[in-house]
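S.K.: One structure coming up, written as structure tokens, with questions to follow.
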Amino acid sequence: IDRYAVAGNPVAHSQSPAIHAQFAAQTGQVLTYERLLCPLDGFADSIRAFAASGGRGCNVTVPFKFEAHALATRLSERAKLAGAVNTLRFDAVCHQVDDIRRPPPEELKKARGGPSLSCEGWFGDNTDGAGLVRDIEVNAQRPLAGRRVLLLGAGGASAGALGSLIAARPASICIANRSVDKAETLIATHQAYALEHGVTLSATRLDDCGEGYDFLINATSASLGGAGVPVAASVLAPGALALDMMYGPAAAPFLNWAREHGAEPRDGLGMLVEQAGEAFALWRGVRPDTAAVLNAMRVKLS
Ligand code: ATR
């Protein structure tokens, strides 16, 4: 039986097994999906062992998305842009010439235990941004094209989302972060892509964002540390969509704040289900009915 997993540390809280079990049942795919707790210094070993024992692919979560990017032998364009991988597919050795091939550095070869066959076809993708955009545009029915977006945070979560946000062709995306240099670095890696799509990128401090954004997307981890919403309510245009990539209790202060200031609040559960749907489609070649699973997950978690 084909095995899949979510690899991270911690992973006990992950809803991915529940989501993928529903996708599998829906589409009649026979597979298992488990949690793979990897030691902080043992991600590559854990993944290699999993692939060797029938693993066909895995999702990757905190803190291993960058390591997964380094381990993949081929990368999707969006994973390259993000510099991070949330979905690995263990392919048979593959010689497609149109694929992006990167000869693995010597130390990675060593980490993988030599030029083992199962590692030669580790395809790395990042479905986080596509999941976010699909949740905004399809589930929340808010087209991004031509709109103004304020993205809070310049860490891994923002990096994973920015490429897909650009591809949705908003007029502009302003990235606000405590440390502006990190926002500027993110812009530098995405500037050419933004130009191609006619999107203006800018970087700013959290207390100097300007006002009237149609979309506010919180990709900071501020709420995990108990901090409040890090921007003024004037950033919200009337009726703006205010989305926090978190869900559950961690998202509540941001969502309450958004509601109080006339914005439409949205948590990160839809993004979670949609990024999973993208991964499932990549692995199995069938697209699950994510809307049905999102409804079921809302009930389960309420
Ligand atoms: P993740 O993978 O969740 O993005 P990360 O890479 O550690 O995690 O990034 C965390 C983000 O949340 C960063 O943008 C961080 O801002 P800095 O780059 O200035 O550190 C932001 N963040 C964390 N705590 C914050 C707080 N209390 N207020 C504002 N931003 C905060």
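Quick note on naming: the chains in the structure tokens go A, B, ... in the order shown, residues restart at 1 in each chain, and ligands are numbered from 1 in order of appearance.
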Would you list the residues that come within 10 Å of ligand 1? Count only C-alpha atoms and all ligand atoms and give the answer as a PyMOL selection string.
M.R.: chain A and resi 61-66+84+151-160+175-183+205-206+218-231+245-246
S.K.: Create the file for the chosen residues now, containing C-alpha atoms and written as a JSON list (two decimals), in the first residue's frame.
M.R.:
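Result written to part.json:
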```json
[["chain", "number", "residue", "atom", "x", "y", "z"],
["A", 61, "THR", "CA", 6.24, 21.19, 7.95],
["A", 62, "VAL", "CA", 8.10, 23.27, 10.52],
["A", 63, "PRO", "CA", 11.09, 23.40, 10.78],
["A", 64, "PHE", "CA", 12.16, 21.30, 7.79],
["A", 65, "LYS", "CA", 10.82, 23.14, 4.72],
["A", 66, "PHE", "CA", 14.22, 24.64, 3.90],
["A", 84, "ALA", "CA", 11.17, 26.10, 0.63],
["A", 151, "LEU", "CA", 1.38, 40.87, 3.58],
["A", 152, "LEU", "CA", 2.55, 40.86, 7.21],
["A", 153, "GLY", "CA", 5.76, 38.99, 7.92],
["A", 154, "ALA", "CA", 8.82, 38.04, 5.89],
["A", 155, "GLY", "CA", 9.62, 34.59, 7.30],
["A", 156, "GLY", "CA", 9.00, 31.14, 5.89],
["A", 157, "ALA", "CA", 5.23, 31.49, 5.73],
["A", 158, "SER", "CA", 5.44, 34.65, 3.61],
["A", 159, "ALA", "CA", 8.15, 33.20, 1.40],
["A", 160, "GLY", "CA", 5.95, 30.19, 0.68],
["A", 175, "ILE", "CA", 5.39, 43.34, 2.63],
["A", 176, "ALA", "CA", 5.54, 44.70, 6.15],
["A", 177, "ASN", "CA", 7.94, 43.24, 8.68],
["A", 178, "ARG", "CA", 9.57, 44.16, 11.97],
["A", 179, "SER", "CA", 12.91, 43.84, 10.28],
["A", 180, "VAL", "CA", 12.46, 45.57, 6.92],
["A", 181, "ASP", "CA", 15.66, 44.07, 5.52],
["A", 182, "LYS", "CA", 14.04, 40.63, 5.53],
["A", 183, "ALA", "CA", 11.10, 42.02, 3.55],
["A", 205, "ARG", "CA", 7.89, 48.75, 8.59],
["A", 206, "LEU", "CA", 4.81, 47.50, 10.42],
["A", 218, "ASN", "CA", -1.06, 37.83, 8.42],
["A", 219, "ALA", "CA", 1.90, 35.51, 7.95],
["A", 220, "THR", "CA", 3.70, 36.53, 11.14],
["A", 221, "SER", "CA", 3.99, 34.27, 14.15],
["A", 222, "ALA", "CA", 3.23, 37.25, 16.43],
["A", 223, "SER", "CA", 0.12, 35.65, 17.94],
["A", 224, "LEU", "CA", 2.07, 32.55, 19.04],
["A", 225, "GLY", "CA", 4.08, 34.79, 21.36],
["A", 226, "GLY", "CA", 0.88, 36.37, 22.65],
["A", 227, "ALA", "CA", 1.52, 39.67, 20.83],
["A", 228, "GLY", "CA", -1.45, 41.63, 19.47],
["A", 229, "VAL", "CA", -2.14, 42.57, 15.86],
["A", 230, "PRO", "CA", 1.02, 44.33, 14.73],
["A", 231, "VAL", "CA", -0.59, 46.98, 12.45],
["A", 245, "MET", "CA", -2.60, 31.86, 8.12],
["A", 246, "MET", "CA", -3.19, 30.28, 11.54]]
```
S.K.: Would you mind listing what lies within 8 Å of range 130-140 of chain A as an MDAnalysis selection string, with only C-alpha atoms counted and same-chain residues fewer than 6 positions away left out?
M.R.: chainID A and resid 161 164:165 168 270:278 291
S.K.: Convert the current residue selection to file output with N, CA and C atoms, as a PDB file, in the first residue's frame.
M.R.:
```pdb
ATOM      1  N   ALA A 161       4.241  31.849   0.280  1.00  0.00           N
ATOM      2  CA  ALA A 161       3.014  32.356  -0.340  1.00  0.00           C
ATOM      3  C   ALA A 161       3.248  33.380  -1.439  1.00  0.00           C
ATOM      4  N   SER A 164       2.851  32.698  -5.424  1.00  0.00           N
ATOM      5  CA  SER A 164       1.482  32.435  -5.876  1.00  0.00           C
ATOM      6  C   SER A 164       0.622  33.695  -5.791  1.00  0.00           C
ATOM      7  N   LEU A 165       0.881  34.515  -4.777  1.00  0.00           N
ATOM      8  CA  LEU A 165       0.150  35.786  -4.691  1.00  0.00           C
ATOM      9  C   LEU A 165       0.466  36.652  -5.915  1.00  0.00           C
ATOM     10  N   ALA A 168      -1.339  35.689  -9.041  1.00  0.00           N
ATOM     11  CA  ALA A 168      -2.756  36.068  -9.088  1.00  0.00           C
ATOM     12  C   ALA A 168      -2.933  37.510  -9.569  1.00  0.00           C
ATOM     13  N   GLY A 270      -8.774  27.020   5.566  1.00  0.00           N
ATOM     14  CA  GLY A 270      -9.007  26.823   4.125  1.00  0.00           C
ATOM     15  C   GLY A 270      -7.694  26.670   3.380  1.00  0.00           C
ATOM     16  N   MET A 271      -6.710  27.495   3.739  1.00  0.00           N
ATOM     17  CA  MET A 271      -5.378  27.392   3.118  1.00  0.00           C
ATOM     18  C   MET A 271      -4.778  26.019   3.391  1.00  0.00           C
ATOM     19  N   LEU A 272      -4.953  25.539   4.626  1.00  0.00           N
ATOM     20  CA  LEU A 272      -4.405  24.230   4.998  1.00  0.00           C
ATOM     21  C   LEU A 272      -5.012  23.116   4.141  1.00  0.00           C
ATOM     22  N   VAL A 273      -6.336  23.149   4.012  1.00  0.00           N
ATOM     23  CA  VAL A 273      -7.009  22.110   3.229  1.00  0.00           C
ATOM     24  C   VAL A 273      -6.632  22.226   1.748  1.00  0.00           C
ATOM     25  N   GLU A 274      -6.546  23.454   1.250  1.00  0.00           N
ATOM     26  CA  GLU A 274      -6.242  23.643  -0.176  1.00  0.00           C
ATOM     27  C   GLU A 274      -4.806  23.264  -0.520  1.00  0.00           C
ATOM     28  N   GLN A 275      -3.841  23.576   0.377  1.00  0.00           N
ATOM     29  CA  GLN A 275      -2.464  23.164   0.070  1.00  0.00           C
ATOM     30  C   GLN A 275      -2.370  21.644   0.081  1.00  0.00           C
ATOM     31  N   ALA A 276      -3.178  21.015   0.961  1.00  0.00           N
ATOM     32  CA  ALA A 276      -3.204  19.556   1.004  1.00  0.00           C
ATOM     33  C   ALA A 276      -3.805  19.000  -0.292  1.00  0.00           C
ATOM     34  N   GLY A 277      -4.851  19.671  -0.777  1.00  0.00           N
ATOM     35  CA  GLY A 277      -5.487  19.241  -2.030  1.00  0.00           C
ATOM     36  C   GLY A 277      -4.515  19.283  -3.199  1.00  0.00           C
ATOM     37  N   GLU A 278      -3.700  20.331  -3.238  1.00  0.00           N
ATOM     38  CA  GLU A 278      -2.678  20.469  -4.289  1.00  0.00           C
ATOM     39  C   GLU A 278      -1.659  19.339  -4.189  1.00  0.00           C
ATOM     40  N   ALA A 291     -13.618  21.629  -0.987  1.00  0.00           N
ATOM     41  CA  ALA A 291     -14.665  22.408  -0.295  1.00  0.00           C
ATOM     42  C   ALA A 291     -15.407  21.515   0.707  1.00  0.00           C
TER      43      ALA A 291
END
```
S.K.: When you draw a straight line from CA of Gln15 in chain A to CA of Pro253 in chain A, how long is it in Å?
M.R.: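 Between CA of Gln15 in chain A and CA of Pro253 in chain A the gap works out to 21.4 Å.
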S.K.: DSSP on the backbone, then: every residue of range 71-247 of chain A marked alpha helix (DSSP H), written as a PyMOL selection string.
M.R.: chain A and resi 71+77-82+106-111+117-120+128-134+156-167+180-196
S.K.: Calculate how many Å separate CA of Leu162 in chain A from CA of Tyr33 in chain A, rounding to one decimal.
M.R.: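 Atom-to-atom, CA of Leu162 in chain A and CA of Tyr33 in chain A are spaced 28.1 Å apart.
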S.K.: If you count only C-alpha atoms, which residues fall within 9 Å of Leu37 in chain A, apart from same-chain ones fewer than 3 positions away, as a VMD selection string?
M.R.: chain A and resid 6 to 12 43 46
S.K.: Which is closer to Leu301 in chain A than all the others in A:Leu201, A:Ala252, A:Cys174, A:Leu269, using only C-alpha atoms?
M.R.: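 The shortest atom-to-atom distance to Leu301 in chain A comes from A:Leu269.
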S.K.: Taking 3 positions as the minimum chain separation for residues in the same chain, which residues sit within 6 Å of Asn126 in chain A when counting only C-alpha atoms? Answer as a ChimeraX atom specification.
M.R.: /A:79,85-87
S.K.: Mind giving me the straight-line distance from CA of Ser53 in chain A to CA of Leu31 in chain A in Å, one decimal?
M.R.: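 The value is 13.7 Å.
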S.K.: Range 38-206 of chain A: which residues are strand (DSSP E or B) by DSSP, as a PyMOL selection string?
M.R.: chain A and resi 55-60+74-75+87-90+101+122-125+148-152+172-176+200-204
S.K.: Name all residues at most 7 Å from Ala240 in chain A (count only C-alpha atoms; drop same-chain ones fewer than 2 positions away) and give them as a PyMOL selection string.
M.R.: chain A and resi 213-215+236-238+242+263-264
S.K.: Choose the residue, out of A:Gly198, A:Leu241, A:Ile47, A:Gln191, that has the smallest atom-to-atom separation from Gly212 in chain A; count only C-alpha atoms.
M.R.: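 Looking at the shortest contact to Gly212 in chain A, the residue is A:Leu241.
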